[in-house]
file work_38.pdb (PDB, C-alpha atoms and all ligand atoms)
ATOM      1  CA  MET A   6     103.381  77.523 176.178  1.00  0.00           C
ATOM      2  CA  LEU A   7     103.006  76.890 172.457  1.00  0.00           C
ATOM      3  CA  ASN A   8     102.095  73.228 171.975  1.00  0.00           C
ATOM      4  CA  CYS A   9     103.134  72.912 168.364  1.00  0.00           C
ATOM      5  CA  THR A  10     105.972  71.544 166.289  1.00  0.00           C
ATOM      6  CA  LYS A  11     108.502  74.366 165.803  1.00  0.00           C
ATOM      7  CA  ILE A  12     106.821  76.462 163.108  1.00  0.00           C
ATOM      8  CA  CYS A  13     109.939  76.739 160.950  1.00  0.00           C
ATOM      9  CA  ASP A  14     110.079  72.898 160.842  1.00  0.00           C
ATOM     10  CA  VAL A  15     106.473  72.516 159.728  1.00  0.00           C
ATOM     11  CA  SER A  16     105.612  71.187 156.271  1.00  0.00           C
ATOM     12  CA  PHE A  17     101.876  70.708 156.004  1.00  0.00           C
ATOM     13  CA  LEU A  18     100.717  71.382 152.429  1.00  0.00           C
ATOM     14  CA  GLU A  19     100.089  67.689 151.688  1.00  0.00           C
ATOM     15  CA  ASP A  20      98.547  66.867 155.087  1.00  0.00           C
ATOM     16  CA  THR A  21      95.047  65.331 155.117  1.00  0.00           C
ATOM     17  CA  HIS A  22      94.007  67.699 157.918  1.00  0.00           C
ATOM     18  CA  TYR A  23      95.042  70.670 155.768  1.00  0.00           C
ATOM     19  CA  GLN A  24      92.854  69.440 152.880  1.00  0.00           C
ATOM     20  CA  THR A  25      89.909  69.192 155.304  1.00  0.00           C
ATOM     21  CA  TYR A  26      90.694  72.688 156.580  1.00  0.00           C
ATOM     22  CA  LEU A  27      90.671  74.078 153.017  1.00  0.00           C
ATOM     23  CA  LYS A  28      87.192  72.631 152.418  1.00  0.00           C
ATOM     24  CA  GLY A  29      85.956  74.461 155.508  1.00  0.00           C
ATOM     25  CA  LYS A  30      87.502  77.727 154.398  1.00  0.00           C
ATOM     26  CA  SER A  31      85.450  77.729 151.208  1.00  0.00           C
ATOM     27  CA  GLN A  32      82.246  77.355 153.260  1.00  0.00           C
ATOM     28  CA  ALA A  33      83.104  79.997 155.825  1.00  0.00           C
ATOM     29  CA  LEU A  34      80.245  82.363 154.978  1.00  0.00           C
ATOM     30  CA  TRP A  35      77.400  79.855 154.618  1.00  0.00           C
ATOM     31  CA  ASP A  36      75.153  81.689 157.087  1.00  0.00           C
ATOM     32  CA  SER A  37      75.457  85.112 155.406  1.00  0.00           C
ATOM     33  CA  GLY A  38      72.375  84.520 153.225  1.00  0.00           C
ATOM     34  CA  LEU A  39      69.996  83.488 156.013  1.00  0.00           C
ATOM     35  CA  ASP A  40      66.795  85.547 156.114  1.00  0.00           C
ATOM     36  CA  TRP A  41      66.296  86.322 159.802  1.00  0.00           C
ATOM     37  CA  SER A  42      62.963  88.028 159.151  1.00  0.00           C
ATOM     38  CA  MET A  43      61.583  84.476 158.839  1.00  0.00           C
ATOM     39  CA  ALA A  44      62.308  83.703 162.490  1.00  0.00           C
ATOM     40  CA  SER A  45      59.183  85.298 163.961  1.00  0.00           C
ATOM     41  CA  ASP A  46      56.917  83.181 161.742  1.00  0.00           C
ATOM     42  CA  ASP A  47      59.071  80.372 160.394  1.00  0.00           C
ATOM     43  CA  LEU A  48      57.926  77.995 157.635  1.00  0.00           C
ATOM     44  CA  VAL A  49      57.379  75.248 160.189  1.00  0.00           C
ATOM     45  CA  PRO A  50      54.020  73.541 160.811  1.00  0.00           C
ATOM     46  CA  GLU A  51      52.205  75.423 163.590  1.00  0.00           C
ATOM     47  CA  HIS A  52      52.243  72.483 166.013  1.00  0.00           C
ATOM     48  CA  LEU A  53      56.059  72.192 165.667  1.00  0.00           C
ATOM     49  CA  LYS A  54      56.940  75.849 166.310  1.00  0.00           C
ATOM     50  CA  CYS A  55      57.556  75.459 170.061  1.00  0.00           C
ATOM     51  CA  LEU A  56      59.544  72.308 169.409  1.00  0.00           C
ATOM     52  CA  ALA A  57      61.759  74.167 166.889  1.00  0.00           C
ATOM     53  CA  VAL A  58      62.571  76.757 169.582  1.00  0.00           C
ATOM     54  CA  ASP A  59      63.269  74.064 172.197  1.00  0.00           C
ATOM     55  CA  ILE A  60      65.527  72.093 169.862  1.00  0.00           C
ATOM     56  CA  ALA A  61      67.394  75.242 168.757  1.00  0.00           C
ATOM     57  CA  SER A  62      67.835  76.119 172.456  1.00  0.00           C
ATOM     58  CA  MET A  63      69.157  72.647 173.238  1.00  0.00           C
ATOM     59  CA  SER A  64      71.596  72.929 170.327  1.00  0.00           C
ATOM     60  CA  ALA A  65      72.767  76.354 171.536  1.00  0.00           C
ATOM     61  CA  HIS A  66      73.673  74.822 174.928  1.00  0.00           C
ATOM     62  CA  VAL A  67      75.507  71.861 173.405  1.00  0.00           C
ATOM     63  CA  GLU A  68      77.333  73.962 170.786  1.00  0.00           C
ATOM     64  CA  VAL A  69      78.854  76.163 173.498  1.00  0.00           C
ATOM     65  CA  LEU A  70      80.282  73.029 175.044  1.00  0.00           C
ATOM     66  CA  GLY A  71      81.467  71.848 171.603  1.00  0.00           C
ATOM     67  CA  MET A  72      83.220  75.186 171.101  1.00  0.00           C
ATOM     68  CA  GLN A  73      84.987  74.878 174.463  1.00  0.00           C
ATOM     69  CA  ASN A  74      86.032  71.282 173.773  1.00  0.00           C
ATOM     70  CA  ALA A  75      87.428  72.248 170.375  1.00  0.00           C
ATOM     71  CA  ALA A  76      89.307  75.129 172.038  1.00  0.00           C
ATOM     72  CA  GLU A  77      90.778  72.793 174.669  1.00  0.00           C
ATOM     73  CA  LEU A  78      91.851  70.385 171.932  1.00  0.00           C
ATOM     74  CA  LEU A  79      93.330  73.262 169.940  1.00  0.00           C
ATOM     75  CA  ALA A  80      95.409  74.378 172.936  1.00  0.00           C
ATOM     76  CA  LYS A  81      96.690  70.831 173.565  1.00  0.00           C
ATOM     77  CA  CYS A  82      97.337  69.911 169.907  1.00  0.00           C
ATOM     78  CA  GLU A  83     100.941  69.692 168.695  1.00  0.00           C
ATOM     79  CA  ASP A  84     100.296  69.043 164.989  1.00  0.00           C
ATOM     80  CA  PHE A  85     100.185  72.269 162.952  1.00  0.00           C
ATOM     81  CA  SER A  86      97.603  71.259 160.315  1.00  0.00           C
ATOM     82  CA  LEU A  87      95.302  69.654 162.898  1.00  0.00           C
ATOM     83  CA  LYS A  88      95.717  72.717 165.098  1.00  0.00           C
ATOM     84  CA  ILE A  89      94.498  75.126 162.416  1.00  0.00           C
ATOM     85  CA  GLY A  90      91.663  72.649 161.660  1.00  0.00           C
ATOM     86  CA  LEU A  91      90.650  72.792 165.324  1.00  0.00           C
ATOM     87  CA  GLY A  92      90.907  76.581 165.249  1.00  0.00           C
ATOM     88  CA  GLN A  93      88.445  76.530 162.371  1.00  0.00           C
ATOM     89  CA  ALA A  94      86.205  74.134 164.352  1.00  0.00           C
ATOM     90  CA  VAL A  95      86.154  76.580 167.303  1.00  0.00           C
ATOM     91  CA  ASN A  96      84.915  79.254 164.905  1.00  0.00           C
ATOM     92  CA  ASP A  97      82.319  76.871 163.408  1.00  0.00           C
ATOM     93  CA  GLU A  98      80.972  75.929 166.853  1.00  0.00           C
ATOM     94  CA  ALA A  99      80.841  79.612 167.833  1.00  0.00           C
ATOM     95  CA  ARG A 100      78.719  80.263 164.758  1.00  0.00           C
ATOM     96  CA  HIS A 101      76.442  77.292 165.549  1.00  0.00           C
ATOM     97  CA  ALA A 102      75.943  78.468 169.136  1.00  0.00           C
ATOM     98  CA  GLU A 103      75.245  81.997 167.908  1.00  0.00           C
ATOM     99  CA  LEU A 104      72.758  80.963 165.192  1.00  0.00           C
ATOM    100  CA  PHE A 105      70.747  78.552 167.356  1.00  0.00           C
ATOM    101  CA  ALA A 106      70.606  81.046 170.237  1.00  0.00           C
ATOM    102  CA  LYS A 107      69.672  83.875 167.847  1.00  0.00           C
ATOM    103  CA  TYR A 108      66.893  81.737 166.348  1.00  0.00           C
ATOM    104  CA  ALA A 109      65.382  80.993 169.774  1.00  0.00           C
ATOM    105  CA  LEU A 110      65.564  84.668 170.767  1.00  0.00           C
ATOM    106  CA  LEU A 111      63.987  85.978 167.566  1.00  0.00           C
ATOM    107  CA  ALA A 112      61.336  83.260 167.326  1.00  0.00           C
ATOM    108  CA  ASN A 113      60.423  83.108 170.993  1.00  0.00           C
ATOM    109  CA  GLY A 114      61.974  86.060 172.844  1.00  0.00           C
ATOM    110  CA  ALA A 115      63.998  83.683 175.038  1.00  0.00           C
ATOM    111  CA  ILE A 116      66.243  80.630 174.947  1.00  0.00           C
ATOM    112  CA  SER A 117      64.732  77.590 176.684  1.00  0.00           C
ATOM    113  CA  ASP A 118      66.701  76.231 179.645  1.00  0.00           C
ATOM    114  CA  CYS A 119      68.469  73.014 178.643  1.00  0.00           C
ATOM    115  CA  SER A 120      71.253  73.213 181.213  1.00  0.00           C
ATOM    116  CA  LYS A 121      70.539  69.630 182.408  1.00  0.00           C
ATOM    117  CA  THR A 122      71.573  68.244 178.991  1.00  0.00           C
ATOM    118  CA  GLN A 123      74.628  70.482 178.985  1.00  0.00           C
ATOM    119  CA  GLU A 124      75.603  69.344 182.504  1.00  0.00           C
ATOM    120  CA  LEU A 125      75.567  65.675 181.509  1.00  0.00           C
ATOM    121  CA  TYR A 126      78.168  66.296 178.799  1.00  0.00           C
ATOM    122  CA  ASP A 127      80.019  68.846 180.906  1.00  0.00           C
ATOM    123  CA  ASN A 128      80.549  66.290 183.692  1.00  0.00           C
ATOM    124  CA  HIS A 129      81.756  63.711 181.190  1.00  0.00           C
ATOM    125  CA  PHE A 130      84.352  66.026 179.645  1.00  0.00           C
ATOM    126  CA  ASP A 131      85.469  67.239 183.079  1.00  0.00           C
ATOM    127  CA  SER A 132      86.405  63.619 183.852  1.00  0.00           C
ATOM    128  CA  LEU A 133      88.725  63.388 180.811  1.00  0.00           C
ATOM    129  CA  SER A 134      92.206  64.862 180.590  1.00  0.00           C
ATOM    130  CA  GLU A 135      94.080  63.254 177.656  1.00  0.00           C
ATOM    131  CA  PHE A 136      93.878  64.791 174.178  1.00  0.00           C
ATOM    132  CA  ASP A 137      92.847  61.499 172.526  1.00  0.00           C
ATOM    133  CA  GLU A 138      90.101  60.821 175.099  1.00  0.00           C
ATOM    134  CA  ILE A 139      88.593  64.297 174.700  1.00  0.00           C
ATOM    135  CA  PHE A 140      88.885  64.203 170.905  1.00  0.00           C
ATOM    136  CA  LEU A 141      87.289  60.759 170.639  1.00  0.00           C
ATOM    137  CA  SER A 142      84.307  61.651 172.849  1.00  0.00           C
ATOM    138  CA  HIS A 143      83.927  65.008 171.092  1.00  0.00           C
ATOM    139  CA  VAL A 144      83.968  63.586 167.585  1.00  0.00           C
ATOM    140  CA  PHE A 145      81.756  60.583 168.430  1.00  0.00           C
ATOM    141  CA  LEU A 146      79.090  62.974 169.732  1.00  0.00           C
ATOM    142  CA  GLU A 147      79.420  65.063 166.576  1.00  0.00           C
ATOM    143  CA  ASN A 148      78.888  61.905 164.524  1.00  0.00           C
ATOM    144  CA  GLY A 149      75.668  61.160 166.459  1.00  0.00           C
ATOM    145  CA  ALA A 150      74.577  64.758 165.901  1.00  0.00           C
ATOM    146  CA  LEU A 151      74.769  64.226 162.111  1.00  0.00           C
ATOM    147  CA  GLU A 152      71.855  61.779 162.261  1.00  0.00           C
ATOM    148  CA  GLN A 153      69.868  64.023 164.595  1.00  0.00           C
ATOM    149  CA  PHE A 154      70.457  67.109 162.403  1.00  0.00           C
ATOM    150  CA  ASN A 155      69.157  65.123 159.403  1.00  0.00           C
ATOM    151  CA  ILE A 156      66.002  64.323 161.353  1.00  0.00           C
ATOM    152  CA  PHE A 157      65.535  67.990 162.354  1.00  0.00           C
ATOM    153  CA  ILE A 158      65.959  69.113 158.713  1.00  0.00           C
ATOM    154  CA  SER A 159      63.397  66.627 157.384  1.00  0.00           C
ATOM    155  CA  THR A 160      60.941  67.372 160.209  1.00  0.00           C
ATOM    156  CA  PHE A 161      61.096  71.175 159.998  1.00  0.00           C
ATOM    157  CA  GLY A 162      61.642  71.311 156.227  1.00  0.00           C
ATOM    158  CA  GLU A 163      64.627  72.480 154.178  1.00  0.00           C
ATOM    159  CA  ASP A 164      62.954  75.800 153.360  1.00  0.00           C
ATOM    160  CA  SER A 165      62.381  76.808 156.962  1.00  0.00           C
ATOM    161  CA  LEU A 166      64.967  79.046 158.621  1.00  0.00           C
ATOM    162  CA  ILE A 167      65.680  76.473 161.311  1.00  0.00           C
ATOM    163  CA  GLY A 168      66.048  73.784 158.623  1.00  0.00           C
ATOM    164  CA  GLN A 169      68.586  75.952 156.755  1.00  0.00           C
ATOM    165  CA  ILE A 170      70.601  76.529 159.936  1.00  0.00           C
ATOM    166  CA  TYR A 171      70.735  72.791 160.652  1.00  0.00           C
ATOM    167  CA  LYS A 172      71.723  72.129 157.050  1.00  0.00           C
ATOM    168  CA  GLY A 173      74.688  74.519 157.239  1.00  0.00           C
ATOM    169  CA  ALA A 174      75.726  73.217 160.662  1.00  0.00           C
ATOM    170  CA  LEU A 175      75.438  69.639 159.365  1.00  0.00           C
ATOM    171  CA  GLN A 176      78.029  70.358 156.656  1.00  0.00           C
ATOM    172  CA  ASP A 177      80.430  71.767 159.247  1.00  0.00           C
ATOM    173  CA  GLU A 178      79.887  68.798 161.584  1.00  0.00           C
ATOM    174  CA  ALA A 179      80.432  66.307 158.750  1.00  0.00           C
ATOM    175  CA  ARG A 180      83.813  67.957 158.141  1.00  0.00           C
ATOM    176  CA  HIS A 181      84.678  67.845 161.861  1.00  0.00           C
ATOM    177  CA  VAL A 182      83.801  64.139 161.964  1.00  0.00           C
ATOM    178  CA  GLN A 183      85.957  63.504 158.903  1.00  0.00           C
ATOM    179  CA  MET A 184      88.867  65.293 160.572  1.00  0.00           C
ATOM    180  CA  GLY A 185      88.463  63.067 163.646  1.00  0.00           C
ATOM    181  CA  ILE A 186      88.164  59.875 161.594  1.00  0.00           C
ATOM    182  CA  ASN A 187      91.349  60.799 159.686  1.00  0.00           C
ATOM    183  CA  TYR A 188      93.161  61.465 162.954  1.00  0.00           C
ATOM    184  CA  PHE A 189      92.173  58.164 164.583  1.00  0.00           C
ATOM    185  CA  ARG A 190      92.770  56.181 161.384  1.00  0.00           C
ATOM    186  CA  GLN A 191      96.333  57.455 161.319  1.00  0.00           C
ATOM    187  CA  LYS A 192      96.783  56.442 164.963  1.00  0.00           C
ATOM    188  CA  VAL A 193      95.522  52.894 164.281  1.00  0.00           C
ATOM    189  CA  GLN A 194      97.775  52.599 161.234  1.00  0.00           C
ATOM    190  CA  GLN A 195     100.779  53.677 163.287  1.00  0.00           C
ATOM    191  CA  GLN A 196      99.977  51.331 166.164  1.00  0.00           C
ATOM    192  CA  SER A 197      97.488  48.472 165.725  1.00  0.00           C
ATOM    193  CA  SER A 198      96.998  48.017 169.502  1.00  0.00           C
ATOM    194  CA  TYR A 199      95.545  51.536 169.514  1.00  0.00           C
ATOM    195  CA  ARG A 200      92.209  50.012 168.446  1.00  0.00           C
ATOM    196  CA  ASP A 201      91.826  48.642 171.995  1.00  0.00           C
ATOM    197  CA  PHE A 202      91.842  52.183 173.346  1.00  0.00           C
ATOM    198  CA  LEU A 203      89.109  53.203 170.867  1.00  0.00           C
ATOM    199  CA  VAL A 204      86.839  50.254 171.602  1.00  0.00           C
ATOM    200  CA  THR A 205      87.348  50.442 175.382  1.00  0.00           C
ATOM    201  CA  HIS A 206      86.687  54.196 175.519  1.00  0.00           C
ATOM    202  CA  LEU A 207      83.499  53.979 173.454  1.00  0.00           C
ATOM    203  CA  ASN A 208      82.224  51.036 175.526  1.00  0.00           C
ATOM    204  CA  THR A 209      83.091  52.613 178.871  1.00  0.00           C
ATOM    205  CA  TYR A 210      81.272  55.851 178.096  1.00  0.00           C
ATOM    206  CA  GLN A 211      78.482  54.336 176.023  1.00  0.00           C
ATOM    207  CA  SER A 212      75.763  55.723 178.334  1.00  0.00           C
ATOM    208  CA  VAL A 213      76.905  59.306 177.641  1.00  0.00           C
ATOM    209  CA  LEU A 214      78.136  59.031 174.065  1.00  0.00           C
ATOM    210  CA  HIS A 215      75.446  56.912 172.402  1.00  0.00           C
ATOM    211  CA  VAL A 216      71.998  58.308 171.589  1.00  0.00           C
ATOM    212  CA  ASN A 217      69.947  56.658 174.349  1.00  0.00           C
ATOM    213  CA  GLU A 218      66.569  54.902 174.113  1.00  0.00           C
ATOM    214  CA  SER A 219      64.489  57.770 175.458  1.00  0.00           C
ATOM    215  CA  ALA A 220      66.131  60.186 172.999  1.00  0.00           C
ATOM    216  CA  ILE A 221      65.387  57.767 170.141  1.00  0.00           C
ATOM    217  CA  ARG A 222      61.739  57.522 171.276  1.00  0.00           C
ATOM    218  CA  TRP A 223      61.498  61.322 171.434  1.00  0.00           C
ATOM    219  CA  LEU A 224      63.040  61.696 167.960  1.00  0.00           C
ATOM    220  CA  SER A 225      60.655  59.079 166.575  1.00  0.00           C
ATOM    221  CA  GLU A 226      57.582  60.706 168.146  1.00  0.00           C
ATOM    222  CA  PHE A 227      57.991  64.155 166.644  1.00  0.00           C
ATOM    223  CA  SER A 228      59.569  63.107 163.325  1.00  0.00           C
ATOM    224  CA  ARG A 229      57.002  60.290 162.844  1.00  0.00           C
ATOM    225  CA  ILE A 230      59.817  58.052 161.670  1.00  0.00           C
ATOM    226  CA  ASP A 231      59.188  54.452 162.709  1.00  0.00           C
ATOM    227  CA  LEU A 232      60.931  53.749 166.041  1.00  0.00           C
ATOM    228  CA  GLU A 233      62.641  50.579 164.825  1.00  0.00           C
ATOM    229  CA  LEU A 234      63.816  52.222 161.616  1.00  0.00           C
ATOM    230  CA  LEU A 235      65.162  55.240 163.476  1.00  0.00           C
ATOM    231  CA  SER A 236      66.920  53.060 165.997  1.00  0.00           C
ATOM    232  CA  GLN A 237      68.624  51.156 163.163  1.00  0.00           C
ATOM    233  CA  ARG A 238      69.666  54.398 161.439  1.00  0.00           C
ATOM    234  CA  ILE A 239      71.323  55.716 164.578  1.00  0.00           C
ATOM    235  CA  GLU A 240      72.986  52.378 165.353  1.00  0.00           C
ATOM    236  CA  LYS A 241      74.295  52.188 161.781  1.00  0.00           C
ATOM    237  CA  ARG A 242      75.727  55.710 161.993  1.00  0.00           C
ATOM    238  CA  GLN A 243      77.491  54.891 165.267  1.00  0.00           C
ATOM    239  CA  ALA A 244      78.854  51.576 163.974  1.00  0.00           C
ATOM    240  CA  SER A 245      80.073  53.102 160.706  1.00  0.00           C
ATOM    241  CA  PHE A 246      82.129  55.646 162.652  1.00  0.00           C
ATOM    242  CA  ILE A 247      84.264  53.001 164.298  1.00  0.00           C
ATOM    243  CA  ASN A 248      84.307  50.823 161.167  1.00  0.00           C
ATOM    244  CA  LYS A 249      85.718  53.706 159.100  1.00  0.00           C
ATOM    245  CA  ILE A 250      88.511  54.199 161.605  1.00  0.00           C
ATOM    246  CA  LEU A 251      89.371  50.512 161.783  1.00  0.00           C
ATOM    247  CA  ALA A 252      88.923  49.682 158.077  1.00  0.00           C
ATOM    248  CA  GLU A 253      92.012  48.393 156.297  1.00  0.00           C
ATOM    249  CA  VAL A 254      93.453  50.823 153.775  1.00  0.00           C
TER
HETATM  250 FE    FE A 301      78.571  72.387 166.083  1.00  0.00          FE
HETATM  251 FE    FE A 302      81.593  70.218 165.469  1.00  0.00          FE
END
call {"tool": "encode", "arguments": {"input": "work_38.pdb", "output": "structure tokens", "more": "lines below"}}
Ligand SMILES: [Fe+2]
Ligand SMILES: [Fe+2]
result
Amino acid sequence: MLNCTKICDVSFLEDTHYQTYLKGKSQALWDSGLDWSMASDDLVPEHLKCLAVDIASMSAHVEVLGMQNAAELLAKCEDFSLKIGLGQAVNDEARHAELFAKYALLANGAISDCSKTQELYDNHFDSLSEFDEIFLSHVFLENGALEQFNIFISTFGEDSLIGQIYKGALQDEARHVQMGINYFRQKVQQQSSYRDFLVTHLNTYQSVLHVNESAIRWLSEFSRIDLELLSQRIEKRQASFINKILAEV
């Protein structure tokens, strides 16, 4: 069944989600200039080469899940402009999964097994059924990924192939997060009690959705960013997400 407002009744040209979609359209070919010949000997310090493959492999696992979540949201969504935005997100996540997996294969000959990480998120999303629950978890994780992608780019270097892939993916994810923030802001503006749902959901699933202590330690160790500073950066990113949604217009 088509979950969408009757197409002939749709008027979307001024919609915020459509403006976000248009931004994504102009960036649709960002990966076309990547030089894959760099993969076998990337411009990454020697001692970080294995780590680059492991992190790319982990991202490939998580991006497949992100693609499936976006597809589930797309199928459930009734709003035309948000629906095409989610369709674009499915395509973005497919590209991310492809590029990270391709990097691991070309650099290492194989993708490292990170199915445990994937399972953790998989189990969480299996427990959710409502559109808003899935969308909120999905977009909160994307917001956390923004900080992690920044760390990967600065650690591996902007000129490295892996750094360029994370930079392109970061731009897509920032747009996905903006789309989610716009969606939840509209919901809060329509119904102020809706904020209780947001706060309760994020608190209930904090152990899955927030970057945990061991992940922060791991990020700090390889990036050499001070643990306390890194912890504050991640906390600030997570807090600003909810603050942006709840901020008065
Ligand atoms: Fe992604
Ligand atoms: Fe995304």
call {"tool": "resolve_selection", "arguments": {"input": "work_38.pdb", "expression": "the PyMOL selection byres (((chain A and resi 40-42) around 12) and not hetatm)", "output": "ChimeraX atom specification"}}
result
/A:36-39,43-48,104-105,107-112,164-167,169-170
call {"tool": "residues_near_ligand", "arguments": {"input": "work_38.pdb", "ligand": "ligand FE 301 (chain A)", "cutoff": "10 Å", "atoms": "only C-alpha atoms and all ligand atoms", "output": "VMD selection string"}}
result
chain A and resid 64 to 65 67 to 72 75 94 to 102 147 150 to 151 171 173 to 179 181
call {"tool": "atom_distance", "arguments": {"input": "work_38.pdb", "atom1": "atom CA of A:Asp59", "atom2": "atom CA of A:Ser117"}}
result
5.9 Å
call {"tool": "resolve_selection", "arguments": {"input": "work_38.pdb", "expression": "the PyMOL selection byres (((chain A and resi 144) around 9) and not hetatm)", "output": "MDAnalysis selection string"}}
result
chainID A and resid 139:143 145:149 178 181:186
call {"tool": "atom_distance", "arguments": {"input": "work_38.pdb", "atom1": "atom CA of A:Asn217", "atom2": "atom CA of A:Glu240"}}
result
10.4 Å
call {"tool": "atom_distance", "arguments": {"input": "work_38.pdb", "atom1": "atom CA of A:Ser225", "atom2": "atom CA of A:Glu124"}}
result
24.1 Å
call {"tool": "resolve_selection", "arguments": {"input": "work_38.pdb", "expression": "the PyMOL selection byres (((chain A and resi 160) around 10) and not hetatm)", "output": "MDAnalysis selection string"}}
result
chainID A and resid 49:50 53 57 154:159 161:163 168 224 227:230
call {"tool": "closest_residue", "arguments": {"input": "work_38.pdb", "among": "A:Leu7, A:Ala80, A:Met63, A:Leu133", "to": "A:Ser120", "atoms": "all atoms listed in the file"}}
result
A:Met63
call {"tool": "closest_residue", "arguments": {"input": "work_38.pdb", "among": "A:Lys28, A:Lys88, A:His129, A:Arg180", "to": "ligand FE 302 (chain A)", "atoms": "all atoms listed in the file"}}
result
A:Arg180
call {"tool": "closest_residue", "arguments": {"input": "work_38.pdb", "among": "A:Ile60, A:Thr21, A:Gln93, A:Lys30", "to": "ligand FE 302 (chain A)", "atoms": "only C-alpha atoms and all ligand atoms"}}
result
A:Gln93
call {"tool": "closest_residue", "arguments": {"input": "work_38.pdb", "among": "A:Cys82, A:Leu207, A:Val216, A:Ala33", "to": "A:Gln153", "atoms": "all atoms listed in the file"}}
result
A:Val216
call {"tool": "closest_residue", "arguments": {"input": "work_38.pdb", "among": "A:Leu214, A:Ala61, A:Ile250, A:Leu78", "to": "A:Ile116", "atoms": "all atoms listed in the file"}}
result
A:Ala61
call {"tool": "closest_residue", "arguments": {"input": "work_38.pdb", "among": "A:Ser134, A:Ser16, A:Gln73, A:Asn8", "to": "ligand FE 302 (chain A)", "atoms": "all atoms listed in the file"}}
result
A:Gln73
call {"tool": "residues_around", "arguments": {"input": "work_38.pdb", "residues": "A:Leu79", "least_positions_apart": "6", "cutoff": "8 Å", "atoms": "all atoms listed in the file", "output": "NGL selection string"}}
result
:A and (88-89 or 91-92)
call {"tool": "residues_around", "arguments": {"input": "work_38.pdb", "residues": "A:Val193", "least_positions_apart": "2", "cutoff": "10 Å", "atoms": "only C-alpha atoms", "output": "count of residues only"}}
result
17
call {"tool": "decode", "arguments": {"input": "work_38.pdb", "residues": "stretch 19-58 of chain A", "atoms": "C-alpha atoms", "output": "PDB file, in the first residue's frame"}}
result
ATOM      1  CA  GLU A  19       8.016  25.358  -0.026  1.00  0.00           C
ATOM      2  CA  ASP A  20       8.519  22.438   2.389  1.00  0.00           C
ATOM      3  CA  THR A  21      11.653  22.471   4.576  1.00  0.00           C
ATOM      4  CA  HIS A  22      12.262  18.789   3.797  1.00  0.00           C
ATOM      5  CA  TYR A  23      12.222  19.587   0.072  1.00  0.00           C
ATOM      6  CA  GLN A  24      14.882  22.298   0.546  1.00  0.00           C
ATOM      7  CA  THR A  25      17.054  19.750   2.391  1.00  0.00           C
ATOM      8  CA  TYR A  26      16.457  17.246  -0.409  1.00  0.00           C
ATOM      9  CA  LEU A  27      17.571  19.796  -3.032  1.00  0.00           C
ATOM     10  CA  LYS A  28      20.857  20.351  -1.174  1.00  0.00           C
ATOM     11  CA  GLY A  29      21.508  16.612  -1.316  1.00  0.00           C
ATOM     12  CA  LYS A  30      20.755  16.450  -5.017  1.00  0.00           C
ATOM     13  CA  SER A  31      23.529  18.919  -5.789  1.00  0.00           C
ATOM     14  CA  GLN A  32      26.025  16.711  -3.917  1.00  0.00           C
ATOM     15  CA  ALA A  33      24.915  13.447  -5.470  1.00  0.00           C
ATOM     16  CA  LEU A  34      28.191  12.681  -7.250  1.00  0.00           C
ATOM     17  CA  TRP A  35      30.664  13.593  -4.500  1.00  0.00           C
ATOM     18  CA  ASP A  36      32.440  10.226  -4.654  1.00  0.00           C
ATOM     19  CA  SER A  37      33.043  10.288  -8.431  1.00  0.00           C
ATOM     20  CA  GLY A  38      36.467  11.942  -8.043  1.00  0.00           C
ATOM     21  CA  LEU A  39      37.898   9.509  -5.488  1.00  0.00           C
ATOM     22  CA  ASP A  40      41.219   7.978  -6.546  1.00  0.00           C
ATOM     23  CA  TRP A  41      40.867   4.292  -5.684  1.00  0.00           C
ATOM     24  CA  SER A  42      44.458   3.557  -6.690  1.00  0.00           C
ATOM     25  CA  MET A  43      45.372   5.129  -3.328  1.00  0.00           C
ATOM     26  CA  ALA A  44      43.648   2.356  -1.381  1.00  0.00           C
ATOM     27  CA  SER A  45      46.485  -0.175  -1.510  1.00  0.00           C
ATOM     28  CA  ASP A  46      48.928   2.312   0.035  1.00  0.00           C
ATOM     29  CA  ASP A  47      46.823   5.091   1.517  1.00  0.00           C
ATOM     30  CA  LEU A  48      48.295   8.363   2.823  1.00  0.00           C
ATOM     31  CA  VAL A  49      47.795   7.194   6.394  1.00  0.00           C
ATOM     32  CA  PRO A  50      50.621   6.800   8.933  1.00  0.00           C
ATOM     33  CA  GLU A  51      51.912   3.214   8.758  1.00  0.00           C
ATOM     34  CA  HIS A  52      50.859   2.345  12.314  1.00  0.00           C
ATOM     35  CA  LEU A  53      47.253   3.436  11.560  1.00  0.00           C
ATOM     36  CA  LYS A  54      46.747   1.439   8.347  1.00  0.00           C
ATOM     37  CA  CYS A  55      45.152  -1.606  10.016  1.00  0.00           C
ATOM     38  CA  LEU A  56      42.983   0.675  12.112  1.00  0.00           C
ATOM     39  CA  ALA A  57      41.754   2.485   8.962  1.00  0.00           C
ATOM     40  CA  VAL A  58      40.648  -0.877   7.516  1.00  0.00           C
TER      41      VAL A  58
END
